[in-house]
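Asks: I am attaching a structure below and will ask some questions about it afterwards.
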Amino acid sequence: MELIFEKSAPGRHGTVLPKSDVSPAAELPAALLRAEPAGLPELSELEVVRHFSNLSRRNFAVDTNFYPLGSCTMKYNAKAAEEAVRLFAGVHPLLPYLPAGESFVQGSLGVIHQLSQLLAEITGMAAFSCQPLAGAQGEMAGIMMIAAWHRSQGQQRRFVVVPDSSHGTNPATAALVGYEVLTVPTSSAGDMDLDVFRQTMNNEVAAVMMTCPNTLGLFNSQVAEICAIAHGHGALVYCDGANLNAILGKVRPGEIGFDVMHVNLHKTFGTPHGGGGPGSGPVGVSEKLLPFLPSPRIAQRSDGSYYLAEPAAESIGRLANFYGNFGILVRALAYITMLGRDGLVEVSEQAVLNANYVMSRLKGWYDLPFDTGCMHECVFSAARQLKQGVHALDIAKYLIDRGFHPPTVYFPLIVKEAIMIEPTETESKETLDAFIAVMIEAAQLAETNPEALFQAPRTMPVSRLDETKAAREINVCCSWVIAGEERGLRI
Amino acid sequence: MKRSGYCPQTPAQIREMLAVIGVSSIAELFAVIPPELRARSFELPEGMSEFEMLAGMERLAGQDRRDLVPFIGGGSYDHLIPAVVDHLAGRAEFATSYTPYQPECSQGTLQALYEYQTVICRLTGMDATNASLYDGGSALAEAALMALRITGRKKILVDAAVNPFSRQIVQTYLANLAVEVVEIAALKGQGDRQQFLATLDDETAAIILQNPNFFGGVDDFSDLAAAACVRGALTIVSIYPLSLGLLKTPGEMGADLAVGDGQSLGNPLSFGGPSFGFLAVKKEHIRNLPGRIVGETVDKDGRRGFVLTLQAREQHIRRQKATSNICSNQSLSALRGLIFLATLGREGLVELARLNYDKAQYAEGLLAGIRGVSLLNAGPTFNEFTLRLPTAAASVCAQLLTRGIVAGVPLGRWYPGLEACLTVTVTEKRSRAQIETLAAAMEEVLWS
Amino acid sequence: MDYYFTKEHEWLRLDGQSGLVGITAYAVEQLGDITFVELPRPGREAKQSEVLCAVESVKAASDIYAPVSGRVLAVNEQVESGPEIVNQSPEEEGWLVRIELADPGELRSLMNREQYRDYLEGLS
Ligand SMILES: Cc1ncc(COP(=O)(O)O)c(C=O)c1O
């Protein structure tokens, strides 16, 4: 499809702006002005609408396709939550900073406070900050709080321990906060290797980061012991709560030894993923970390009114422009309100049921490196198919032709040719069966006609793309001419 | 148990599925969880229908005041949003997909993000950018981290006229990294150039500037960028993208890194989020960018297509050596920015910036003409300016609030010594009548 | 000419007091299409087994360790502009760095071609 810039015609425009009701002001000095207008495309409104409508049709999405992208919890996003967001439009975030300004925003502050309280009850943590703008920022806040806590104990520690199955954001976060990363291998049972973990631990370890259930979709029954060992060395334990969907109402991380955790509202609490974001990654802490929570914090007076609490001296400070991705917080509150207690329990039960069903039906066809019951997702390996030269990627591409968004492939890194399937609770058995049938078909083709897999996808607007060319001949911005000079084509 | 509408399995299907799995109940699927680890509490309200939920939300939303006339900015701006933005960005194919890991079935998102990257480069006069960051503040922090990596130095100079919240975010991000952050005073509504030049040295990784600054002042930082360059330091300029309809670009000033918050481009106030952050750079720094980047390439049959590229920088490959920990970004908000800019077009953005400028200048003249009121800095402004009032700005602001007018941001909280100062914002949405009402009301509050 | 090999799949080809360093055909095969090579600054002092530079492919990034200690005398600028030479000719034109040998004794810790071949066999 043409780029929007290629559809541009000089002098055309879409939106008409209101006429000015004041007289023009004196020009700014030329030294403060840009030399020429930015090279924005010039299109009528209809052309803009066609362009983006047609672009959108080149996407798979939850509303159009089954999207079992492991670790991402691509569940259905309730439309009523979108309605709720509309109700809260148009409030300026600085109002609470004005004298008595809090009284003007009791509704919006209430959303944040109520959601924080619900998350605390769901996870068993003492309190939450909804400020982190995504899971990775929640992790950063969590590790920073741990660093601040150690400092408050008069300690400066060096290391953060992560299992080798962890998500890339975990070690990246530790490094961002200035820690060195120690990696612990996974045992044959799919859990963190407890012996190596014991040997790795020392009094220089600030934190252990665990995903619960882990990224192999397994619940580690030794998790309490791991927390105890870490605590024995004066370290704190971080829970990556990206997989909370599996244990809603079953396990509360705050009760089993975790000191800090983040949750991904865009996974567990049904907010849309937006083609990559915005998400939201509220961070929760146990009692002893309360003073370190990011500021500002939203608190409630005894008369029920909400206010911005003065930041504690120990607070790690501000992470986001304002209070977080507020629009996402509204959606999550709407979701939890609709589902309620029993609805959330049903979520975890049905998510686990669906994943185990897919796992049981496919395990005759694909290698299952950790063959135990799974939680909300299951991780296969295409090692068997690789013997015919077929990679996980080829299977993924074949699924596209059959109308399914592929599972996550090549993560976790410790599983060779990983295929990570997370069906979520919102998919019907009929959909799962159709997906399973195509997965089986792909396994059969790997044996009988691998070429059919190598050629996929054939039904999309593009066939497989040359990623090497993209990385070698960098073109991340369409060229334009400014001051007679061509800019932005090749780097 | 009344089931939610979101879990479709019928009781018969559940039985069938359990049989396939080889267990007798759902409870058995959770048997790996030892009893002592089971939740001891889960005290949540009962669920409800969407109708009841929305009624409750409406009551809650009713506790916000939406009838105030805002002359307030400070990083979040009340701008017009054409209907096409909501309509197109609301399309489920954009909203309910995720990071385009599988490019063949994600060309919509990928091409849109490539176009987004292009408009950001064209707007800022820079060479390259990524597919968005969280917000303006975290983009500034990421830029500072980038400068530390690129230069291998450990000191950053920040103009105190940079948005205080953004400065706080930079402090948060750098707190554990043994970096010296030096703030350059800005008492008269402008960073002190002499102090900048005197403090800039061969240890400095970057200088951080903002245009227009937090007081509303418009500047040309070419001289500071040149001075930084001589010292081997990078220049980071934070900008209000809508102002780039008129104002000199960071690229023209010689900035190495340009950052900003995209809220003003088609994203509603929404109590501060979501919006998006952008970080645009000179081409030599592209491999140091954090986050997703979309690049153009061709498919097996030679057709143009788009992919995520230069991924070896990112956490999912480089882990602890990645350029950042960012994973999810703010794609949908960035898409809104693109649609907004596309529907305004080349001339429309100039016109929009001009409307802001004209109305704000009109307001500035009226308000600064009130007895006892002066401008903190008589230099050029765009759509924000700072008044020095004859009395505490907070109390004037409070009195105007009771009349339904949000007169601006009193600066005392962030700038001790400037308790009498009020930063006023006038966007294209404010009418002449509203501006005149503000002026009359302020005069009354001050003098009657 | 004599090649020395490391367990991390670097090679060193000595000519006199200095030698060329690159990555082996096996390493290149594992990485796939190389898209970028990040070279050290000439003049840098490298220590044996410490990170010398890095290579990137589409889906991986890999550190290259110094096979011996010494000063970086020169880098192969050709691989900067055209990283594909590393794929085409990993053990000749696709060299990365010329390093001045600080301690010939360190050569003893490296493998010769035969030993490296055996080592590779042990890996599969
Ligand atoms: C296990 C795990 N941890 C952390 C993250 C990071 O979350 P976000 O993308 O919201 O930053 C993810 C998301 O992909 C994840 O799957």
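By convention in this document, the chains of the structure tokens carry letters A, B, ... by their order, each chain's residues are numbered from 1, and ligands are numbered from 1 in the order they are shown.
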Taking only C-alpha atoms and all ligand atoms into account, list the residues no farther than 7 Å from ligand 1, as a list in words.
Replies: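 Using only C-alpha atoms and all ligand atoms, I find these residues within 7 Å of ligand 1: Ser71, Cys72, Ala134, Gly135, Ala136, Gln137, Ser166, His167, Thr169, Asn170, Thr211, Thr215, Asp240, Ala242, Asn243, Asn264, Gly279, Ser280 and Gly281 of chain A; Ile326, Cys327 and Ser328 of chain B.
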Asks: Restricted to N, CA and C atoms, what would the selected residues look like written as a PDB file, in the first residue's frame?
Replies:
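Output file part14.pdb is given in full below:
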```pdb
ATOM      1  N   SER A  71       2.494 -15.213  26.870  1.00  0.00           N
ATOM      2  CA  SER A  71       3.034 -14.208  27.784  1.00  0.00           C
ATOM      3  C   SER A  71       2.350 -12.843  27.642  1.00  0.00           C
ATOM      4  N   CYS A  72       1.453 -12.720  26.651  1.00  0.00           N
ATOM      5  CA  CYS A  72       0.850 -11.412  26.406  1.00  0.00           C
ATOM      6  C   CYS A  72      -0.626 -11.330  26.789  1.00  0.00           C
ATOM      7  N   ALA A 134       3.926   0.903  32.088  1.00  0.00           N
ATOM      8  CA  ALA A 134       3.907  -0.430  31.485  1.00  0.00           C
ATOM      9  C   ALA A 134       4.564  -1.369  32.486  1.00  0.00           C
ATOM     10  N   GLY A 135       4.507  -2.660  32.175  1.00  0.00           N
ATOM     11  CA  GLY A 135       5.096  -3.636  33.079  1.00  0.00           C
ATOM     12  C   GLY A 135       6.561  -3.344  33.365  1.00  0.00           C
ATOM     13  N   ALA A 136       7.302  -3.019  32.315  1.00  0.00           N
ATOM     14  CA  ALA A 136       8.737  -2.795  32.500  1.00  0.00           C
ATOM     15  C   ALA A 136       8.993  -1.592  33.406  1.00  0.00           C
ATOM     16  N   GLN A 137       8.131  -0.582  33.346  1.00  0.00           N
ATOM     17  CA  GLN A 137       8.345   0.556  34.242  1.00  0.00           C
ATOM     18  C   GLN A 137       7.955   0.191  35.673  1.00  0.00           C
ATOM     19  N   SER A 166      13.593 -16.040  32.506  1.00  0.00           N
ATOM     20  CA  SER A 166      12.888 -14.779  32.742  1.00  0.00           C
ATOM     21  C   SER A 166      12.722 -13.977  31.453  1.00  0.00           C
ATOM     22  N   HIS A 167      11.753 -13.104  31.504  1.00  0.00           N
ATOM     23  CA  HIS A 167      11.503 -12.187  30.402  1.00  0.00           C
ATOM     24  C   HIS A 167      12.657 -11.188  30.320  1.00  0.00           C
ATOM     25  N   THR A 169      12.825  -8.099  30.022  1.00  0.00           N
ATOM     26  CA  THR A 169      12.703  -6.864  30.794  1.00  0.00           C
ATOM     27  C   THR A 169      13.294  -7.021  32.195  1.00  0.00           C
ATOM     28  N   ASN A 170      13.294  -8.256  32.749  1.00  0.00           N
ATOM     29  CA  ASN A 170      13.799  -8.437  34.122  1.00  0.00           C
ATOM     30  C   ASN A 170      15.290  -8.095  34.214  1.00  0.00           C
ATOM     31  N   THR A 211       9.086 -14.853  38.096  1.00  0.00           N
ATOM     32  CA  THR A 211       7.793 -14.701  37.443  1.00  0.00           C
ATOM     33  C   THR A 211       6.898 -15.806  37.980  1.00  0.00           C
ATOM     34  N   THR A 215       7.609 -18.264  33.166  1.00  0.00           N
ATOM     35  CA  THR A 215       7.381 -18.037  31.736  1.00  0.00           C
ATOM     36  C   THR A 215       7.253 -19.341  30.956  1.00  0.00           C
ATOM     37  N   ASP A 240       7.377 -10.754  39.097  1.00  0.00           N
ATOM     38  CA  ASP A 240       6.883 -10.285  37.808  1.00  0.00           C
ATOM     39  C   ASP A 240       5.485 -10.866  37.661  1.00  0.00           C
ATOM     40  N   ALA A 242       3.260 -10.558  35.374  1.00  0.00           N
ATOM     41  CA  ALA A 242       2.686 -10.583  34.029  1.00  0.00           C
ATOM     42  C   ALA A 242       1.764 -11.786  33.826  1.00  0.00           C
ATOM     43  N   ASN A 243       1.968 -12.825  34.623  1.00  0.00           N
ATOM     44  CA  ASN A 243       1.173 -14.041  34.445  1.00  0.00           C
ATOM     45  C   ASN A 243       0.095 -14.227  35.515  1.00  0.00           C
ATOM     46  N   ASN A 264       0.248  -6.364  34.983  1.00  0.00           N
ATOM     47  CA  ASN A 264       0.049  -5.716  33.687  1.00  0.00           C
ATOM     48  C   ASN A 264      -1.451  -5.604  33.460  1.00  0.00           C
ATOM     49  N   GLY A 279       0.017   0.352  27.721  1.00  0.00           N
ATOM     50  CA  GLY A 279      -0.385  -0.585  28.752  1.00  0.00           C
ATOM     51  C   GLY A 279      -0.381   0.136  30.072  1.00  0.00           C
ATOM     52  N   SER A 280      -0.220  -0.634  31.135  1.00  0.00           N
ATOM     53  CA  SER A 280      -0.101  -0.026  32.450  1.00  0.00           C
ATOM     54  C   SER A 280       0.455  -1.086  33.378  1.00  0.00           C
ATOM     55  N   GLY A 281       1.394  -0.708  34.222  1.00  0.00           N
ATOM     56  CA  GLY A 281       2.068  -1.707  35.074  1.00  0.00           C
ATOM     57  C   GLY A 281       2.119  -1.330  36.536  1.00  0.00           C
TER      58      GLY A 281
ATOM     59  N   ILE B 326      12.496  -0.998  28.085  1.00  0.00           N
ATOM     60  CA  ILE B 326      11.133  -0.790  27.567  1.00  0.00           C
ATOM     61  C   ILE B 326      10.717  -1.940  26.649  1.00  0.00           C
ATOM     62  N   CYS B 327       9.463  -2.341  26.795  1.00  0.00           N
ATOM     63  CA  CYS B 327       8.892  -3.416  25.983  1.00  0.00           C
ATOM     64  C   CYS B 327       7.629  -2.840  25.357  1.00  0.00           C
ATOM     65  N   SER B 328       6.487  -2.881  26.063  1.00  0.00           N
ATOM     66  CA  SER B 328       5.303  -2.181  25.558  1.00  0.00           C
ATOM     67  C   SER B 328       5.611  -0.689  25.485  1.00  0.00           C
TER      68      SER B 328
END
```
Asks: Give the residues of chain C that lie within 10 Å of chain B; count only C-alpha atoms, and format the answer as a JSON list (two decimals) with all heavy atoms, in the first residue's frame.
Replies:
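Listing of part_12.json after writing:
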```
[["chain", "number", "residue", "atom", "x", "y", "z"],
["C", 35, "THR", "N", 24.49, -8.18, 10.65],
["C", 35, "THR", "CA", 23.95, -6.90, 10.20],
["C", 35, "THR", "C", 24.77, -5.72, 10.69],
["C", 35, "THR", "O", 24.62, -4.61, 10.18],
["C", 35, "THR", "CB", 22.50, -6.73, 10.68],
["C", 35, "THR", "OG1", 22.50, -6.89, 12.11],
["C", 35, "THR", "CG2", 21.59, -7.76, 10.06],
["C", 36, "PHE", "N", 25.59, -5.95, 11.68],
["C", 36, "PHE", "CA", 26.34, -4.82, 12.24],
["C", 36, "PHE", "C", 27.51, -5.34, 13.07],
["C", 36, "PHE", "O", 27.38, -6.34, 13.77],
["C", 36, "PHE", "CB", 25.43, -3.98, 13.13],
["C", 36, "PHE", "CG", 26.10, -2.77, 13.74],
["C", 36, "PHE", "CD1", 26.59, -1.75, 12.94],
["C", 36, "PHE", "CD2", 26.24, -2.65, 15.12],
["C", 36, "PHE", "CE1", 27.20, -0.64, 13.50],
["C", 36, "PHE", "CE2", 26.85, -1.54, 15.68],
["C", 36, "PHE", "CZ", 27.33, -0.53, 14.87],
["C", 55, "VAL", "N", 29.11, -8.33, 17.60],
["C", 55, "VAL", "CA", 28.48, -8.45, 16.29],
["C", 55, "VAL", "C", 26.99, -8.68, 16.49],
["C", 55, "VAL", "O", 26.56, -9.29, 17.47],
["C", 55, "VAL", "CB", 29.07, -9.60, 15.43],
["C", 55, "VAL", "CG1", 30.53, -9.36, 15.14],
["C", 55, "VAL", "CG2", 28.88, -10.93, 16.12],
["C", 56, "GLU", "N", 26.23, -8.17, 15.54],
["C", 56, "GLU", "CA", 24.77, -8.32, 15.63],
["C", 56, "GLU", "C", 24.26, -8.99, 14.37],
["C", 56, "GLU", "O", 24.74, -8.71, 13.27],
["C", 56, "GLU", "CB", 24.11, -6.93, 15.71],
["C", 56, "GLU", "CG", 24.31, -6.25, 17.03],
["C", 56, "GLU", "CD", 23.68, -4.86, 17.07],
["C", 56, "GLU", "OE1", 22.93, -4.50, 16.14],
["C", 56, "GLU", "OE2", 23.96, -4.14, 18.03],
["C", 57, "SER", "N", 23.27, -9.86, 14.59],
["C", 57, "SER", "CA", 22.50, -10.34, 13.45],
["C", 57, "SER", "C", 21.07, -9.90, 13.71],
["C", 57, "SER", "O", 20.81, -9.17, 14.65],
["C", 57, "SER", "CB", 22.59, -11.86, 13.34],
["C", 57, "SER", "OG", 22.05, -12.45, 14.49],
["C", 58, "VAL", "N", 20.14, -10.34, 12.87],
["C", 58, "VAL", "CA", 18.78, -9.85, 13.01],
["C", 58, "VAL", "C", 18.21, -10.19, 14.39],
["C", 58, "VAL", "O", 17.60, -9.37, 15.05],
["C", 58, "VAL", "CB", 17.89, -10.44, 11.91],
["C", 58, "VAL", "CG1", 16.42, -10.17, 12.20],
["C", 58, "VAL", "CG2", 18.26, -9.83, 10.57],
["C", 59, "LYS", "N", 18.44, -11.41, 14.84],
["C", 59, "LYS", "CA", 17.78, -11.85, 16.06],
["C", 59, "LYS", "C", 18.75, -12.14, 17.20],
["C", 59, "LYS", "O", 18.38, -12.80, 18.18],
["C", 59, "LYS", "CB", 16.95, -13.13, 15.76],
["C", 59, "LYS", "CG", 15.76, -12.86, 14.83],
["C", 59, "LYS", "CD", 14.53, -12.41, 15.61],
["C", 59, "LYS", "CE", 13.54, -11.62, 14.82],
["C", 59, "LYS", "NZ", 12.78, -12.35, 13.84],
["C", 60, "ALA", "N", 20.02, -11.72, 17.05],
["C", 60, "ALA", "CA", 20.96, -12.01, 18.12],
["C", 60, "ALA", "C", 22.04, -10.94, 18.17],
["C", 60, "ALA", "O", 22.28, -10.24, 17.20],
["C", 60, "ALA", "CB", 21.59, -13.38, 17.91],
["C", 61, "ALA", "N", 22.64, -10.85, 19.33],
["C", 61, "ALA", "CA", 23.80, -9.98, 19.49],
["C", 61, "ALA", "C", 24.81, -10.79, 20.26],
["C", 61, "ALA", "O", 24.45, -11.55, 21.15],
["C", 61, "ALA", "CB", 23.43, -8.74, 20.27],
["C", 62, "SER", "N", 26.06, -10.67, 19.88],
["C", 62, "SER", "CA", 27.04, -11.54, 20.49],
["C", 62, "SER", "C", 28.32, -10.78, 20.76],
["C", 62, "SER", "O", 28.81, -10.05, 19.90],
["C", 62, "SER", "CB", 27.25, -12.70, 19.52],
["C", 62, "SER", "OG", 28.15, -13.60, 20.05]]
```
Asks: Would you mind listing what lies within 10 Å of Asp466 in chain A as JSON, numbers by chain, with only C-alpha atoms counted and same-chain residues fewer than 6 positions away left out?
Replies: {"B": [296, 297, 298, 299, 300, 302, 304, 305, 306, 307], "C": [58]}
Asks: Restricted to N, CA, C and O atoms, what would the selected residues look like written as a PDB file, in the first residue's frame?
Replies:
```
ATOM      1  N   GLU B 296      11.796  -0.025   6.838  1.00  0.00           N
ATOM      2  CA  GLU B 296      11.273  -0.474   5.549  1.00  0.00           C
ATOM      3  C   GLU B 296      12.165  -1.583   4.994  1.00  0.00           C
ATOM      4  O   GLU B 296      13.374  -1.587   5.189  1.00  0.00           O
ATOM      5  N   THR B 297      11.546  -2.527   4.304  1.00  0.00           N
ATOM      6  CA  THR B 297      12.308  -3.557   3.615  1.00  0.00           C
ATOM      7  C   THR B 297      11.461  -4.089   2.459  1.00  0.00           C
ATOM      8  O   THR B 297      10.476  -3.443   2.074  1.00  0.00           O
ATOM      9  N   VAL B 298      11.840  -5.238   1.913  1.00  0.00           N
ATOM     10  CA  VAL B 298      11.023  -5.840   0.851  1.00  0.00           C
ATOM     11  C   VAL B 298      10.694  -7.279   1.234  1.00  0.00           C
ATOM     12  O   VAL B 298      11.380  -7.875   2.062  1.00  0.00           O
ATOM     13  N   ASP B 299       9.634  -7.820   0.640  1.00  0.00           N
ATOM     14  CA  ASP B 299       9.313  -9.224   0.908  1.00  0.00           C
ATOM     15  C   ASP B 299       9.992 -10.102  -0.142  1.00  0.00           C
ATOM     16  O   ASP B 299      10.726  -9.617  -1.002  1.00  0.00           O
ATOM     17  N   LYS B 300       9.720 -11.415  -0.031  1.00  0.00           N
ATOM     18  CA  LYS B 300      10.376 -12.374  -0.927  1.00  0.00           C
ATOM     19  C   LYS B 300      10.104 -12.072  -2.397  1.00  0.00           C
ATOM     20  O   LYS B 300      10.856 -12.439  -3.278  1.00  0.00           O
ATOM     21  N   GLY B 302       9.714  -9.017  -3.575  1.00  0.00           N
ATOM     22  CA  GLY B 302      10.175  -7.681  -3.930  1.00  0.00           C
ATOM     23  C   GLY B 302       9.221  -6.553  -3.581  1.00  0.00           C
ATOM     24  O   GLY B 302       9.472  -5.402  -3.931  1.00  0.00           O
ATOM     25  N   ARG B 304       7.325  -3.813  -1.196  1.00  0.00           N
ATOM     26  CA  ARG B 304       7.678  -3.064   0.004  1.00  0.00           C
ATOM     27  C   ARG B 304       6.895  -3.570   1.217  1.00  0.00           C
ATOM     28  O   ARG B 304       5.708  -3.895   1.112  1.00  0.00           O
ATOM     29  N   GLY B 305       7.571  -3.628   2.339  1.00  0.00           N
ATOM     30  CA  GLY B 305       6.904  -4.009   3.583  1.00  0.00           C
ATOM     31  C   GLY B 305       7.693  -3.459   4.745  1.00  0.00           C
ATOM     32  O   GLY B 305       8.769  -2.885   4.569  1.00  0.00           O
ATOM     33  N   PHE B 306       7.153  -3.635   5.944  1.00  0.00           N
ATOM     34  CA  PHE B 306       7.760  -3.030   7.125  1.00  0.00           C
ATOM     35  C   PHE B 306       7.958  -4.070   8.221  1.00  0.00           C
ATOM     36  O   PHE B 306       7.146  -4.981   8.368  1.00  0.00           O
ATOM     37  N   VAL B 307       9.042  -3.910   8.967  1.00  0.00           N
ATOM     38  CA  VAL B 307       9.356  -4.852  10.057  1.00  0.00           C
ATOM     39  C   VAL B 307       9.898  -4.077  11.252  1.00  0.00           C
ATOM     40  O   VAL B 307      10.341  -2.941  11.113  1.00  0.00           O
TER      41      VAL B 307
ATOM     42  N   VAL C  58      20.143 -10.341  12.868  1.00  0.00           N
ATOM     43  CA  VAL C  58      18.783  -9.848  13.012  1.00  0.00           C
ATOM     44  C   VAL C  58      18.214 -10.189  14.388  1.00  0.00           C
ATOM     45  O   VAL C  58      17.602  -9.367  15.052  1.00  0.00           O
TER      46      VAL C  58
END
```
Asks: Counting only C-alpha atoms, what is within 9 Å of Pro70 in chain B, bar same-chain residues fewer than 6 positions away, as a list in words?
Replies: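 Those residues are His92 of chain A; Asp78, Gly404, Ile405, Val406, Ala407, Gly408, Thr425, Val426 and Arg430 of chain B.
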Asks: Write out as a PyMOL selection string each polymer residue whose atoms come within 10 Å of His87 in chain B, counting only C-alpha atoms; drop sequence neighbours fewer than 5 positions from it.
Replies: (chain A and resi 49+53) or (chain B and resi 82+336)
Asks: What separation in Å, quoted to one decimal, exists between CA of His113 in chain A and CA of Phe276 in chain B?
Replies: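 We find that CA of His113 in chain A and CA of Phe276 in chain B lie 23.4 Å from each other.
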Asks: As a list in words, please: every residue in range 15-114 of chain C that a backbone DSSP assignment puts in alpha helix (DSSP H).
Replies: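 After running DSSP on the backbone, range 15-114 of chain C has alpha helix (DSSP H) at Ala25, Tyr26, Ala27, Val28, Glu29, Gln30, Leu31, Glu77, Gln78, Val79, Glu80, Ser81, Glu84, Ile85, Val86, Asn87, Gln88, Arg113 and Glu114 of chain C.
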Asks: What is the CA of Leu20 in chain C-CA of Gln88 in chain C distance in Å, reported with one decimal?
Replies: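 Going from CA of Leu20 in chain C over to CA of Gln88 in chain C covers 16.9 Å.
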Asks: When distances are computed from only C-alpha atoms, which of B:Ile120, B:Leu88, B:Leu157, B:Val162 shows the smallest separation from Gly137 in chain B?
Replies: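 Of the candidates, the smallest distance to Gly137 in chain B is held by B:Val162.
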Asks: Compile the residues of chain A that lie within 7 Å of chain C, evaluated using only C-alpha atoms, and express the compilation as a PyMOL selection string.
Replies: chain A and resi 467-468+471-472
Asks: Can you list, as a VMD selection string, all residues belonging to range 215-267 of chain B that DSSP tags as strand (DSSP E)?
Replies: chain B and resid 234 to 239 257 to 261
